[in-house]
Amino acid sequence: MTGKTPNQRPVISLGLSPADLAVELAAIAILVSILPIVQFWAVLPDRIPIHFGLGGQPDALGDKVMIWMLPAVAAIIFVVLTAVSRYPHTFNYPVRITEQNARRQYLLGRSLLVWLKAEICWLFAFIVRQQIIVALGNAQRFSIELVFGIILLIFATVGVYFVRAYLAR
């Protein structure tokens with residue numbers, strides 16, 4: 001379906017590219033990050049690390065039920081970004097949207113959301129995994145280097161999007 005929005009942007013129905021579909025499925029798989037929680041729930045101590053300092057050492061403990069917080073937030077982010085990605089004509093773009101570039105820009109914008117959604121889900125799943133490992137005493141510290149690596153990947157994804165959007169104007 002093609003139409004015009006009040007700000008004169010074309011409204012275009014888009015399908016998922018095979019790459020976006022694969023990333024989408026990977027993000028959904030990450031939501032299964034609750035499986036380690038279920039698997040280790042019985043052996044987790046009543047108080048688990050819920051915050052880590054810059055050196056990776058736990059600096060706050062909380063009730064073990066708090067381990068469900070990040071999967072819940074990841075699920076909310078997943079649902080919200082999935083809903084938002086259906087309306088690429090409403091996004092803010094770094095270039096002017098025209099009839100000629102709308103399809104390319106919308107695909108790039110939606111692809112950015114798909115990738116960010118997957119990367120955020122991976123980040124949260126990794127944090128939960130690390131919480132479990134430290135709580136069970138299998139590690140003394142949180143791998144803060146990997147968290148920074150994933151955050152760097154998120155920023156790189158946004159940077160690649162800006163370059164691609166500029167080139168596709």
# chains A, B, ... in the order shown; residues from 1 in each chain; ligands from 1
>>> select_by_dssp(residues="chain A", states="strand (DSSP E)", output="PyMOL selection string")
chain A and resi 2-4+10-12+47-52+58-63
>>> write_last_selection(atoms="C-alpha atoms", output="short mmCIF file (atom, residue, chain, number, x, y, z; two decimals), in the first residue's frame")
data_model
loop_
_atom_site.label_atom_id
_atom_site.label_comp_id
_atom_site.auth_asym_id
_atom_site.auth_seq_id
_atom_site.Cartn_x
_atom_site.Cartn_y
_atom_site.Cartn_z
CA THR A 2 1.32 3.43 -0.90
CA GLY A 3 -0.09 6.68 0.38
CA LYS A 4 1.05 9.99 1.80
CA PRO A 10 5.21 8.22 1.18
CA VAL A 11 3.74 5.32 3.15
CA ILE A 12 5.14 2.08 1.73
CA ARG A 47 21.10 -12.73 47.31
CA ILE A 48 22.76 -12.23 43.92
CA PRO A 49 24.91 -9.47 42.42
CA ILE A 50 22.64 -6.92 40.77
CA HIS A 51 25.23 -4.25 40.01
CA PHE A 52 28.90 -4.31 39.08
CA PRO A 58 29.90 -6.84 42.33
CA ASP A 59 29.07 -3.73 44.36
CA ALA A 60 25.39 -4.34 45.13
CA LEU A 61 23.38 -7.42 46.00
CA GLY A 62 19.66 -7.97 45.67
CA ASP A 63 17.03 -10.62 45.95
#
>>> closest_atom_pairs(of="segment 18-132 of chain A", to="segment 136-146 of chain A", cutoff="10 Å", atoms="only C-alpha atoms", output="tab-separated table")
residue	atom	partner	partner_atom	distance
A:Phe40	CA	A:Leu136	CA	8.9
A:Val43	CA	A:Leu136	CA	7.7
A:Leu44	CA	A:Leu136	CA	6.3
A:Pro45	CA	A:Leu136	CA	7.4
A:Ile48	CA	A:Leu136	CA	8.6
A:Pro49	CA	A:Phe142	CA	9.7
A:His51	CA	A:Phe142	CA	9.6
A:Phe52	CA	A:Phe142	CA	6.9
A:Gly53	CA	A:Ile144	CA	8.7
A:Leu54	CA	A:Ile144	CA	6.9
A:Gly55	CA	A:Ile144	CA	7.0
A:Gly56	CA	A:Phe142	CA	4.4
A:Gln57	CA	A:Arg141	CA	4.8
A:Pro58	CA	A:Arg141	CA	6.9
A:Leu123	CA	A:Leu146	CA	9.1
A:Phe126	CA	A:Leu146	CA	8.7
A:Ile127	CA	A:Phe142	CA	8.4
A:Arg129	CA	A:Phe142	CA	9.7
A:Gln130	CA	A:Phe142	CA	6.0
A:Gln131	CA	A:Phe142	CA	7.4
A:Ile132	CA	A:Leu136	CA	6.1
>>> write_last_selection(atoms="N, CA and C atoms", output="PDB file, in the first residue's frame")
ATOM      1  N   PHE A  40      19.094 -22.590  36.495  1.00  0.00           N
ATOM      2  CA  PHE A  40      19.900 -22.423  37.694  1.00  0.00           C
ATOM      3  C   PHE A  40      19.128 -21.843  38.880  1.00  0.00           C
ATOM      4  N   VAL A  43      19.523 -23.357  42.372  1.00  0.00           N
ATOM      5  CA  VAL A  43      20.844 -23.304  43.014  1.00  0.00           C
ATOM      6  C   VAL A  43      21.375 -21.877  43.183  1.00  0.00           C
ATOM      7  N   LEU A  44      20.651 -20.891  42.663  1.00  0.00           N
ATOM      8  CA  LEU A  44      21.084 -19.510  42.867  1.00  0.00           C
ATOM      9  C   LEU A  44      20.923 -19.148  44.342  1.00  0.00           C
ATOM     10  N   PRO A  45      21.893 -18.414  44.894  1.00  0.00           N
ATOM     11  CA  PRO A  45      21.730 -17.961  46.278  1.00  0.00           C
ATOM     12  C   PRO A  45      20.570 -16.956  46.375  1.00  0.00           C
ATOM     13  N   ILE A  48      21.881 -12.151  45.097  1.00  0.00           N
ATOM     14  CA  ILE A  48      22.760 -12.233  43.922  1.00  0.00           C
ATOM     15  C   ILE A  48      23.296 -10.846  43.583  1.00  0.00           C
ATOM     16  N   PRO A  49      24.411 -10.784  42.851  1.00  0.00           N
ATOM     17  CA  PRO A  49      24.908  -9.472  42.418  1.00  0.00           C
ATOM     18  C   PRO A  49      23.926  -8.855  41.420  1.00  0.00           C
ATOM     19  N   HIS A  51      24.496  -5.372  40.592  1.00  0.00           N
ATOM     20  CA  HIS A  51      25.227  -4.253  40.006  1.00  0.00           C
ATOM     21  C   HIS A  51      26.716  -4.538  40.123  1.00  0.00           C
ATOM     22  N   PHE A  52      27.451  -4.082  39.113  1.00  0.00           N
ATOM     23  CA  PHE A  52      28.899  -4.309  39.075  1.00  0.00           C
ATOM     24  C   PHE A  52      29.583  -2.980  38.819  1.00  0.00           C
ATOM     25  N   GLY A  53      30.729  -2.778  39.477  1.00  0.00           N
ATOM     26  CA  GLY A  53      31.510  -1.570  39.257  1.00  0.00           C
ATOM     27  C   GLY A  53      32.292  -1.650  37.962  1.00  0.00           C
ATOM     28  N   LEU A  54      33.028  -0.597  37.652  1.00  0.00           N
ATOM     29  CA  LEU A  54      33.798  -0.544  36.407  1.00  0.00           C
ATOM     30  C   LEU A  54      34.867  -1.624  36.325  1.00  0.00           C
ATOM     31  N   GLY A  55      35.336  -2.101  37.457  1.00  0.00           N
ATOM     32  CA  GLY A  55      36.321  -3.176  37.460  1.00  0.00           C
ATOM     33  C   GLY A  55      35.693  -4.548  37.323  1.00  0.00           C
ATOM     34  N   GLY A  56      34.366  -4.608  37.300  1.00  0.00           N
ATOM     35  CA  GLY A  56      33.669  -5.874  37.153  1.00  0.00           C
ATOM     36  C   GLY A  56      33.327  -6.545  38.466  1.00  0.00           C
ATOM     37  N   GLN A  57      33.715  -5.931  39.590  1.00  0.00           N
ATOM     38  CA  GLN A  57      33.421  -6.499  40.897  1.00  0.00           C
ATOM     39  C   GLN A  57      31.976  -6.170  41.292  1.00  0.00           C
ATOM     40  N   PRO A  58      31.262  -7.142  41.876  1.00  0.00           N
ATOM     41  CA  PRO A  58      29.905  -6.845  42.333  1.00  0.00           C
ATOM     42  C   PRO A  58      29.953  -5.786  43.441  1.00  0.00           C
ATOM     43  N   LEU A 123      23.035  -8.099  24.571  1.00  0.00           N
ATOM     44  CA  LEU A 123      23.689  -7.449  25.700  1.00  0.00           C
ATOM     45  C   LEU A 123      23.024  -7.865  27.016  1.00  0.00           C
ATOM     46  N   PHE A 126      23.701 -11.477  27.867  1.00  0.00           N
ATOM     47  CA  PHE A 126      25.068 -11.643  28.355  1.00  0.00           C
ATOM     48  C   PHE A 126      25.173 -11.195  29.813  1.00  0.00           C
ATOM     49  N   ILE A 127      24.551 -10.075  30.145  1.00  0.00           N
ATOM     50  CA  ILE A 127      24.597  -9.580  31.519  1.00  0.00           C
ATOM     51  C   ILE A 127      23.960 -10.586  32.471  1.00  0.00           C
ATOM     52  N   ARG A 129      23.674 -13.799  32.031  1.00  0.00           N
ATOM     53  CA  ARG A 129      24.591 -14.950  32.108  1.00  0.00           C
ATOM     54  C   ARG A 129      25.725 -14.667  33.081  1.00  0.00           C
ATOM     55  N   GLN A 130      26.285 -13.465  32.991  1.00  0.00           N
ATOM     56  CA  GLN A 130      27.375 -13.090  33.887  1.00  0.00           C
ATOM     57  C   GLN A 130      26.906 -13.006  35.337  1.00  0.00           C
ATOM     58  N   GLN A 131      25.698 -12.495  35.559  1.00  0.00           N
ATOM     59  CA  GLN A 131      25.148 -12.453  36.913  1.00  0.00           C
ATOM     60  C   GLN A 131      25.087 -13.857  37.499  1.00  0.00           C
ATOM     61  N   ILE A 132      24.615 -14.797  36.711  1.00  0.00           N
ATOM     62  CA  ILE A 132      24.486 -16.184  37.175  1.00  0.00           C
ATOM     63  C   ILE A 132      25.861 -16.765  37.487  1.00  0.00           C
TER      64      ILE A 132
END
>>> residues_around(residues="Leu81 of chain A", least_positions_apart="3", cutoff="7 Å", atoms="only C-alpha atoms", output="VMD selection string")
chain A and resid 77 to 78 84 to 85 113 117
>>> write_last_selection(atoms="C-alpha atoms", output="CSV table (one decimal), in the first residue's frame")
chain,number,residue,atom,x,y,z
A,77,ILE,CA,12.2,-3.3,24.2
A,78,PHE,CA,11.7,-6.1,21.7
A,84,VAL,CA,7.7,1.0,15.9
A,85,SER,CA,9.4,-0.7,13.0
A,113,LEU,CA,15.9,-1.1,14.5
A,117,LYS,CA,16.9,-4.8,18.9
>>> closest_atom_pairs(of="segment 97-139 of chain A", to="segment 72-75 of chain A", cutoff="8 Å", atoms="only C-alpha atoms", output="tab-separated table")
residue	atom	partner	partner_atom	distance
A:Ile120	CA	A:Ala74	CA	7.2
A:Cys121	CA	A:Ala74	CA	5.6
A:Phe124	CA	A:Ala74	CA	6.7
>>> write_last_selection(atoms="C-alpha atoms", output="CSV table (one decimal), in the first residue's frame")
chain,number,residue,atom,x,y,z
A,120,ILE,CA,20.3,-5.0,23.0
A,121,CYS,CA,18.8,-8.4,23.6
A,124,PHE,CA,21.0,-8.1,28.3
>>> residues_around(residues="Pro88 of chain A", least_positions_apart="4", cutoff="7 Å", atoms="only C-alpha atoms", output="number ranges by chain")
A: 106, 109-110
>>> closest_residue(among="A:Val158, A:Ala165, A:Leu16, A:Ile97", to="Leu116 of chain A", atoms="only C-alpha atoms")
A:Val158
>>> select_by_dssp(residues="segment 20-50 of chain A", states="alpha helix (DSSP H)", output="number ranges by chain")
A: 20-30, 34-40
>>> residues_around(residues="Leu108 of chain A", least_positions_apart="4", cutoff="9 Å", atoms="only C-alpha atoms", output="list of chain:residue names")
A:Arg103, A:Arg104, A:Leu112, A:Leu113, A:Tyr161, A:Arg164, A:Ala165, A:Ala168
